[in-house]
file data_13.txt (compact mmCIF, C-alpha atoms)
# COMPACT_ATOMS: atom_id res chain seq x y z
CA MET A 1 -58.51 -6.29 -30.98
CA ALA A 2 -54.75 -6.85 -31.03
CA GLU A 3 -53.23 -8.28 -27.91
CA ALA A 4 -50.61 -6.24 -26.09
CA ALA A 5 -47.06 -7.34 -26.79
CA PHE A 6 -45.55 -9.50 -24.08
CA ALA A 7 -43.17 -7.51 -21.86
CA PRO A 8 -40.51 -9.65 -20.19
CA GLU A 9 -39.84 -9.22 -16.50
CA PRO A 10 -36.92 -6.84 -15.91
CA ALA A 11 -33.74 -8.61 -14.91
CA PRO A 12 -33.07 -8.42 -11.17
CA GLN A 13 -30.50 -5.81 -10.32
CA PRO A 14 -27.58 -6.79 -8.10
CA ALA A 15 -27.90 -5.59 -4.53
CA GLU A 16 -25.87 -2.52 -3.67
CA ARG A 17 -22.65 -3.46 -1.92
CA SER A 18 -22.61 -2.65 1.76
CA PHE A 19 -20.47 -3.34 4.81
CA ASP A 20 -23.69 -4.49 6.51
CA VAL A 21 -23.06 -7.91 5.01
CA LEU A 22 -20.20 -8.34 7.50
CA ALA A 23 -22.78 -8.69 10.28
CA ARG A 24 -25.23 -10.83 8.28
CA ARG A 25 -22.97 -13.40 6.64
CA ASP A 26 -22.62 -16.63 8.65
CA GLU A 27 -20.32 -18.62 6.36
CA ALA A 28 -16.62 -18.55 5.68
CA TRP A 29 -15.29 -15.71 3.56
CA SER A 30 -12.99 -15.99 0.59
CA GLY A 31 -11.05 -13.29 -1.19
CA GLN A 32 -13.46 -13.50 -4.12
CA SER A 33 -16.59 -13.23 -1.95
CA ALA A 34 -15.13 -10.12 -0.29
CA LEU A 35 -14.44 -8.58 -3.71
CA ASP A 36 -17.97 -9.44 -4.84
CA LEU A 37 -19.90 -8.32 -1.76
CA LEU A 38 -17.98 -5.50 -0.06
CA PRO A 39 -17.78 -1.92 -1.41
CA GLU A 40 -14.50 -0.38 -2.46
CA ASN A 41 -13.14 2.15 0.02
CA ASN A 42 -10.15 4.35 0.80
CA GLY A 43 -10.31 3.84 4.54
CA PRO A 44 -9.68 0.70 6.58
CA ARG A 45 -7.72 -2.15 5.01
CA ILE A 46 -10.10 -5.11 4.58
CA GLU A 47 -8.49 -8.48 3.96
CA VAL A 48 -9.45 -12.16 4.17
CA LEU A 49 -7.28 -14.71 5.98
CA ARG A 50 -8.29 -18.32 6.57
CA GLY A 51 -11.99 -17.62 5.99
CA CYS A 52 -12.18 -14.54 8.24
CA VAL A 53 -12.43 -10.87 7.31
CA VAL A 54 -9.63 -8.83 8.91
CA VAL A 55 -10.18 -5.07 9.20
CA SER A 56 -7.20 -2.80 9.96
CA PRO A 57 -7.46 0.96 10.64
CA GLY A 58 -6.12 3.39 8.07
CA ASN A 59 -2.40 4.09 8.14
CA CYS A 60 -0.94 6.76 10.42
CA HIS A 61 0.59 9.83 8.76
CA ASP A 62 4.17 8.50 8.81
CA ARG A 63 3.15 5.22 7.21
CA ARG A 64 1.22 7.02 4.47
CA VAL A 65 4.20 9.27 3.68
CA VAL A 66 6.66 6.37 3.62
CA GLN A 67 4.28 4.27 1.50
CA ARG A 68 3.94 7.06 -1.07
CA GLU A 69 7.67 7.74 -1.26
CA LEU A 70 8.64 4.08 -1.32
CA ALA A 71 6.19 3.17 -4.09
CA TYR A 72 7.35 6.10 -6.23
CA ARG A 73 11.05 5.31 -5.84
CA VAL A 74 10.63 1.56 -6.24
CA LEU A 75 8.57 2.02 -9.41
CA ARG A 76 11.36 4.05 -11.02
CA ALA A 77 13.93 1.42 -10.05
CA ALA A 78 11.81 -1.58 -11.08
CA LYS A 79 10.82 -0.38 -14.56
CA PRO A 80 14.23 -1.07 -16.19
CA ALA A 81 13.79 -4.69 -15.03
CA CYS A 82 10.31 -4.76 -16.67
CA LEU A 83 8.60 -4.87 -13.26
CA TRP A 84 5.77 -2.69 -11.94
CA ALA A 85 5.23 -1.32 -8.44
CA TYR A 86 1.91 -0.40 -6.82
CA GLN A 87 0.69 0.47 -3.36
CA SER A 88 -2.34 -1.05 -1.59
CA VAL A 89 -3.53 -3.39 -4.36
CA ASN A 90 -5.73 -6.45 -3.85
CA VAL A 91 -3.68 -9.65 -4.08
CA VAL A 92 -5.56 -12.96 -4.11
CA SER A 93 -3.85 -16.16 -2.93
CA GLY A 94 -6.25 -19.09 -2.97
CA ASP A 95 -9.11 -18.03 -0.69
CA ASP A 96 -7.02 -15.33 1.00
CA LEU A 97 -7.02 -11.64 0.09
CA PHE A 98 -4.02 -9.47 0.97
CA ILE A 99 -3.62 -5.71 0.62
CA PRO A 100 0.12 -5.13 1.08
CA ASP A 101 1.62 -1.66 1.46
CA LEU A 102 3.75 -2.32 -1.64
CA ALA A 103 3.54 -4.86 -4.45
CA VAL A 104 6.02 -5.39 -7.28
CA LEU A 105 4.52 -7.34 -10.18
CA ARG A 106 5.66 -9.00 -13.37
CA THR A 107 2.86 -7.28 -15.32
CA ARG A 108 0.85 -4.07 -15.07
CA ASP A 109 -2.37 -4.36 -13.10
CA GLY A 110 -4.32 -3.12 -16.16
CA GLY A 111 -7.12 -1.64 -14.04
CA GLN A 112 -7.97 -5.01 -12.50
CA THR A 113 -9.76 -5.17 -9.17
CA ALA A 114 -7.50 -7.93 -7.89
CA LEU A 115 -4.27 -9.66 -8.92
CA ASP A 116 -3.23 -13.27 -8.54
CA VAL A 117 -0.31 -13.86 -6.20
CA GLY A 118 1.43 -15.71 -9.05
CA THR A 119 2.15 -12.35 -10.72
CA VAL A 120 3.91 -11.02 -7.59
CA VAL A 121 7.69 -10.72 -7.35
CA LEU A 122 7.92 -8.77 -4.07
CA LEU A 123 5.54 -7.66 -1.34
CA GLY A 124 6.40 -4.94 1.17
CA GLU A 125 5.05 -3.90 4.55
CA ILE A 126 5.63 -0.71 6.55
CA VAL A 127 5.80 -1.49 10.26
CA SER A 128 4.73 0.97 12.95
CA VAL A 129 4.27 0.42 16.69
CA ALA A 130 0.60 -0.49 16.19
CA SER A 131 1.30 -2.96 13.37
CA ARG A 132 4.53 -4.50 14.65
CA ARG A 133 3.37 -8.10 15.09
CA ILE A 134 1.58 -8.05 11.72
CA GLY A 135 4.59 -6.74 9.80
CA VAL A 136 7.31 -8.68 11.63
CA ILE A 137 5.65 -12.07 12.21
CA ASP A 138 2.25 -12.54 10.57
CA ARG A 139 2.76 -11.09 7.10
CA PRO A 140 6.13 -12.71 6.33
CA ARG A 141 4.65 -16.06 7.37
CA GLU A 142 1.58 -15.61 5.15
CA TYR A 143 3.53 -14.32 2.17
CA ALA A 144 6.08 -17.14 2.44
CA ALA A 145 3.26 -19.70 2.49
CA ALA A 146 1.85 -18.06 -0.65
CA GLY A 147 5.22 -18.42 -2.40
CA VAL A 148 6.07 -14.72 -2.76
CA PRO A 149 9.78 -14.68 -3.81
CA PHE A 150 10.84 -11.51 -1.94
CA PHE A 151 9.63 -9.60 1.12
CA LEU A 152 10.61 -6.00 1.92
CA ARG A 153 10.05 -4.45 5.34
CA VAL A 154 10.35 -0.82 6.44
CA ASP A 155 10.38 -0.42 10.23
CA LEU A 156 9.41 3.01 11.60
CA ARG A 157 10.19 2.36 15.24
CA ASN A 158 11.12 5.65 17.00
CA ARG A 159 10.68 7.41 13.61
CA VAL A 160 14.12 6.17 12.53
CA PRO A 161 13.33 4.08 9.44
CA ALA A 162 15.17 0.79 8.94
CA MET A 163 14.81 -1.50 5.94
CA GLY A 164 15.30 -5.19 5.30
CA LEU A 165 14.97 -7.37 2.20
CA TYR A 166 14.30 -11.11 2.49
CA GLU A 167 14.37 -13.90 -0.10
CA LEU A 168 12.22 -17.02 0.02
CA VAL A 169 14.46 -20.09 0.44
CA ASP A 170 13.00 -23.53 1.24
CA GLY A 171 9.72 -21.99 2.35
CA GLU A 172 11.24 -19.39 4.70
CA TYR A 173 12.52 -15.84 4.27
CA ARG A 174 16.27 -15.39 4.60
CA PRO A 175 17.80 -11.88 4.95
CA LEU A 176 19.50 -10.45 1.87
CA ALA A 177 20.08 -6.78 2.73
CA ALA A 178 19.44 -4.42 5.64
CA ALA A 179 20.15 -0.84 6.66
CA ALA A 180 19.43 1.54 9.54
CA GLY A 181 21.09 4.94 9.54
CA THR A 182 22.93 4.13 6.31
CA THR A 183 21.97 3.68 2.66
CA PHE A 184 19.92 0.59 1.92
CA VAL A 185 21.15 -1.25 -1.19
CA MET A 186 19.59 -4.27 -2.86
CA ASN A 187 20.46 -6.06 -6.10
CA GLN A 188 17.58 -8.54 -6.32
CA PRO A 189 14.99 -8.77 -7.83
CA PHE A 190 16.13 -5.39 -9.25
CA GLU A 191 18.70 -2.78 -8.28
CA PHE A 192 17.47 -0.23 -5.76
CA SER A 193 19.05 2.01 -3.14
CA VAL A 194 17.69 4.64 -0.76
CA ASP A 195 18.51 6.29 2.53
CA PRO A 196 15.59 5.05 4.70
CA ALA A 197 15.43 8.43 6.46
CA ASP A 198 14.56 10.09 3.14
CA LEU A 199 11.31 8.11 2.98
CA LEU A 200 9.81 10.31 5.71
CA ASP A 201 10.14 13.26 3.30
CA GLU A 202 10.76 15.83 6.05
CA GLU A 203 13.05 18.12 4.09
CA ALA A 204 11.64 21.67 4.02
CA PRO A 205 10.46 22.89 0.60
CA ALA A 206 12.90 25.14 -1.19
CA GLU A 207 12.12 28.83 -0.71
CA GLU A 208 11.07 30.92 -3.68
CA PRO A 209 13.82 33.36 -4.70
CA ASP A 210 13.15 36.99 -3.69
CA THR A 211 12.62 38.91 -6.93
CA GLY A 212 12.15 42.23 -5.13
CA GLU A 213 8.65 42.70 -6.53
call {"tool": "encode", "arguments": {"input": "data_13.txt", "output": "structure tokens"}}
result
Amino acid sequence: MAEAAFAPEPAPQPAERSFDVLARRDEAWSGQSALDLLPENNGPRIEVLRGCVVVSPGNCHDRRVVQRELAYRVLRAAKPACLWAYQSVNVVSGDDLFIPDLAVLRTRDGGQTALDVGTVVLLGEIVSVASRRIGVIDRPREYAAAGVPFFLRVDLRNRVPAMGLYELVDGEYRPLAAAAGTTFVMNQPFEFSVDPADLLDEEAPAEEPDTGE
């Protein structure tokens, strides 16, 4: 009687990603371990800084509107300089993982899950009352340490947007351009101008013409 063919053991399937691992893991995190173990989501911003996972609530409405408008306008301005703009992408710097509000890159992201900080030309943050320390102090310090050439900040204090562009010089950001209540104009790393107030996109939609029907 013929023996039954040998059936190999099925390969173990990777465990489903879950945020439960945040409570179980007792070792330092890295950007790569977070990308490997945590599920993708459209809610809280989950980053890794100095071995710790940092969870930030989702953006308020004003920040979301400004982020959308800024990314759209910056992309159109950056393309002639062969640069690409994205919002809320994963940027890996060593063991750290950043998710900036805006990233301008030397190459397209090509559907990648994460991008190396070496491809970054500019990172931008939108500052609200709740995120003021992060956007004004913490993020510029972290991005400068990572060697990001330019930093762009949009400040929404009192719902009157102000903008500032900074260039990395000798390990610190030095101001290049700023505007509040007037048109913001920058010439590096590409030419771009905008009235910061327009980023809130509060202009009423145009009314449909009355055709009499």
call {"tool": "atom_distance", "arguments": {"input": "data_13.txt", "atom1": "atom CA of A:Asp201", "atom2": "atom CA of A:Arg139"}}
result
25.7 Å
call {"tool": "closest_residue", "arguments": {"input": "data_13.txt", "among": "A:Val55, A:Leu83, A:Gly124, A:Asp96", "to": "A:Glu191", "atoms": "all atoms listed in the file"}}
result
A:Leu83
call {"tool": "closest_residue", "arguments": {"input": "data_13.txt", "among": "A:Gly147, A:Leu156, A:Pro100, A:Leu35", "to": "A:Gln112", "atoms": "only C-alpha atoms"}}
result
A:Leu35
call {"tool": "closest_residue", "arguments": {"input": "data_13.txt", "among": "A:Ile126, A:Leu168, A:Ala162, A:Leu49", "to": "A:Val91", "atoms": "only C-alpha atoms"}}
result
A:Leu49
call {"tool": "residues_around", "arguments": {"input": "data_13.txt", "residues": "A:Val120", "least_positions_apart": "3", "cutoff": "12 Å", "atoms": "only C-alpha atoms", "output": "PDB file with C-alpha atoms, in the coordinates of the input"}}
result
ATOM      1  CA  LEU A  83       8.600  -4.870 -13.260  1.00  0.00           C
ATOM      2  CA  TRP A  84       5.770  -2.690 -11.940  1.00  0.00           C
ATOM      3  CA  ALA A  85       5.230  -1.320  -8.440  1.00  0.00           C
ATOM      4  CA  TYR A  86       1.910  -0.400  -6.820  1.00  0.00           C
ATOM      5  CA  VAL A  89      -3.530  -3.390  -4.360  1.00  0.00           C
ATOM      6  CA  ASN A  90      -5.730  -6.450  -3.850  1.00  0.00           C
ATOM      7  CA  VAL A  91      -3.680  -9.650  -4.080  1.00  0.00           C
ATOM      8  CA  VAL A  92      -5.560 -12.960  -4.110  1.00  0.00           C
ATOM      9  CA  SER A  93      -3.850 -16.160  -2.930  1.00  0.00           C
ATOM     10  CA  PHE A  98      -4.020  -9.470   0.970  1.00  0.00           C
ATOM     11  CA  PRO A 100       0.120  -5.130   1.080  1.00  0.00           C
ATOM     12  CA  LEU A 102       3.750  -2.320  -1.640  1.00  0.00           C
ATOM     13  CA  ALA A 103       3.540  -4.860  -4.450  1.00  0.00           C
ATOM     14  CA  VAL A 104       6.020  -5.390  -7.280  1.00  0.00           C
ATOM     15  CA  LEU A 105       4.520  -7.340 -10.180  1.00  0.00           C
ATOM     16  CA  ARG A 106       5.660  -9.000 -13.370  1.00  0.00           C
ATOM     17  CA  THR A 107       2.860  -7.280 -15.320  1.00  0.00           C
ATOM     18  CA  ARG A 108       0.850  -4.070 -15.070  1.00  0.00           C
ATOM     19  CA  ASP A 109      -2.370  -4.360 -13.100  1.00  0.00           C
ATOM     20  CA  ALA A 114      -7.500  -7.930  -7.890  1.00  0.00           C
ATOM     21  CA  LEU A 115      -4.270  -9.660  -8.920  1.00  0.00           C
ATOM     22  CA  ASP A 116      -3.230 -13.270  -8.540  1.00  0.00           C
ATOM     23  CA  VAL A 117      -0.310 -13.860  -6.200  1.00  0.00           C
ATOM     24  CA  LEU A 123       5.540  -7.660  -1.340  1.00  0.00           C
ATOM     25  CA  GLY A 124       6.400  -4.940   1.170  1.00  0.00           C
ATOM     26  CA  TYR A 143       3.530 -14.320   2.170  1.00  0.00           C
ATOM     27  CA  ALA A 144       6.080 -17.140   2.440  1.00  0.00           C
ATOM     28  CA  ALA A 146       1.850 -18.060  -0.650  1.00  0.00           C
ATOM     29  CA  GLY A 147       5.220 -18.420  -2.400  1.00  0.00           C
ATOM     30  CA  VAL A 148       6.070 -14.720  -2.760  1.00  0.00           C
ATOM     31  CA  PRO A 149       9.780 -14.680  -3.810  1.00  0.00           C
ATOM     32  CA  PHE A 150      10.840 -11.510  -1.940  1.00  0.00           C
ATOM     33  CA  PHE A 151       9.630  -9.600   1.120  1.00  0.00           C
ATOM     34  CA  PRO A 189      14.990  -8.770  -7.830  1.00  0.00           C
TER      35      PRO A 189
END
call {"tool": "atom_distance", "arguments": {"input": "data_13.txt", "atom1": "atom CA of A:Gln32", "atom2": "atom CA of A:Ile99"}}
result
13.4 Å
call {"tool": "atom_distance", "arguments": {"input": "data_13.txt", "atom1": "atom CA of A:Tyr72", "atom2": "atom CA of A:Glu125"}}
result
14.9 Å
call {"tool": "closest_atom_pairs", "arguments": {"input": "data_13.txt", "of": "stretch 33-118 of chain A", "to": "stretch 26-29 of chain A", "cutoff": "12 Å", "atoms": "all atoms listed in the file", "output": "JSON lines"}}
result
{"residue": "A:Ser33", "atom": "CA", "partner": "A:Trp29", "partner_atom": "CA", "distance": 6.2}
{"residue": "A:Ala34", "atom": "CA", "partner": "A:Trp29", "partner_atom": "CA", "distance": 6.8}
{"residue": "A:Leu35", "atom": "CA", "partner": "A:Trp29", "partner_atom": "CA", "distance": 10.2}
{"residue": "A:Asp36", "atom": "CA", "partner": "A:Trp29", "partner_atom": "CA", "distance": 10.8}
{"residue": "A:Leu37", "atom": "CA", "partner": "A:Trp29", "partner_atom": "CA", "distance": 10.2}
{"residue": "A:Leu38", "atom": "CA", "partner": "A:Trp29", "partner_atom": "CA", "distance": 11.2}
{"residue": "A:Ile46", "atom": "CA", "partner": "A:Trp29", "partner_atom": "CA", "distance": 11.8}
{"residue": "A:Glu47", "atom": "CA", "partner": "A:Trp29", "partner_atom": "CA", "distance": 9.9}
{"residue": "A:Val48", "atom": "CA", "partner": "A:Trp29", "partner_atom": "CA", "distance": 6.9}
{"residue": "A:Leu49", "atom": "CA", "partner": "A:Trp29", "partner_atom": "CA", "distance": 8.4}
{"residue": "A:Arg50", "atom": "CA", "partner": "A:Trp29", "partner_atom": "CA", "distance": 8.1}
{"residue": "A:Gly51", "atom": "CA", "partner": "A:Trp29", "partner_atom": "CA", "distance": 4.5}
{"residue": "A:Cys52", "atom": "CA", "partner": "A:Trp29", "partner_atom": "CA", "distance": 5.7}
{"residue": "A:Val53", "atom": "CA", "partner": "A:Trp29", "partner_atom": "CA", "distance": 6.8}
{"residue": "A:Val54", "atom": "CA", "partner": "A:Trp29", "partner_atom": "CA", "distance": 10.4}
{"residue": "A:Gly94", "atom": "CA", "partner": "A:Trp29", "partner_atom": "CA", "distance": 11.7}
{"residue": "A:Asp95", "atom": "CA", "partner": "A:Trp29", "partner_atom": "CA", "distance": 7.9}
{"residue": "A:Asp96", "atom": "CA", "partner": "A:Trp29", "partner_atom": "CA", "distance": 8.7}
{"residue": "A:Leu97", "atom": "CA", "partner": "A:Trp29", "partner_atom": "CA", "distance": 9.8}
call {"tool": "write_last_selection", "arguments": {"input": "data_13.txt", "atoms": "C-alpha atoms", "output": "PDB file, in the frame of the given file"}}
result
ATOM      1  CA  SER A  33     -16.590 -13.230  -1.950  1.00  0.00           C
ATOM      2  CA  ALA A  34     -15.130 -10.120  -0.290  1.00  0.00           C
ATOM      3  CA  LEU A  35     -14.440  -8.580  -3.710  1.00  0.00           C
ATOM      4  CA  ASP A  36     -17.970  -9.440  -4.840  1.00  0.00           C
ATOM      5  CA  LEU A  37     -19.900  -8.320  -1.760  1.00  0.00           C
ATOM      6  CA  LEU A  38     -17.980  -5.500  -0.060  1.00  0.00           C
ATOM      7  CA  ILE A  46     -10.100  -5.110   4.580  1.00  0.00           C
ATOM      8  CA  GLU A  47      -8.490  -8.480   3.960  1.00  0.00           C
ATOM      9  CA  VAL A  48      -9.450 -12.160   4.170  1.00  0.00           C
ATOM     10  CA  LEU A  49      -7.280 -14.710   5.980  1.00  0.00           C
ATOM     11  CA  ARG A  50      -8.290 -18.320   6.570  1.00  0.00           C
ATOM     12  CA  GLY A  51     -11.990 -17.620   5.990  1.00  0.00           C
ATOM     13  CA  CYS A  52     -12.180 -14.540   8.240  1.00  0.00           C
ATOM     14  CA  VAL A  53     -12.430 -10.870   7.310  1.00  0.00           C
ATOM     15  CA  VAL A  54      -9.630  -8.830   8.910  1.00  0.00           C
ATOM     16  CA  GLY A  94      -6.250 -19.090  -2.970  1.00  0.00           C
ATOM     17  CA  ASP A  95      -9.110 -18.030  -0.690  1.00  0.00           C
ATOM     18  CA  ASP A  96      -7.020 -15.330   1.000  1.00  0.00           C
ATOM     19  CA  LEU A  97      -7.020 -11.640   0.090  1.00  0.00           C
TER      20      LEU A  97
END
call {"tool": "closest_residue", "arguments": {"input": "data_13.txt", "among": "A:Val66, A:Leu199, A:Phe19, A:Ser88", "to": "A:Arg45", "atoms": "all atoms listed in the file"}}
result
A:Ser88
call {"tool": "residues_around", "arguments": {"input": "data_13.txt", "residues": "A:Thr182", "least_positions_apart": "5", "cutoff": "9 Å", "atoms": "all atoms listed in the file", "output": "ChimeraX atom specification"}}
result
/A:162,194-197
call {"tool": "axis_aligned_box", "arguments": {"input": "data_13.txt", "around": "stretch 153-159 of chain A", "padding_each_side": "3 Å", "output": "JSON"}}
result
{"center_x": 10.3, "center_y": 1.5, "center_z": 11.2, "size_x": 7.7, "size_y": 17.9, "size_z": 17.7}
call {"tool": "residues_around", "arguments": {"input": "data_13.txt", "residues": "A:Leu200", "least_positions_apart": "6", "cutoff": "9 Å", "atoms": "all atoms listed in the file", "output": "ChimeraX atom specification"}}
result
/A:62-63,65-66,69,159,161
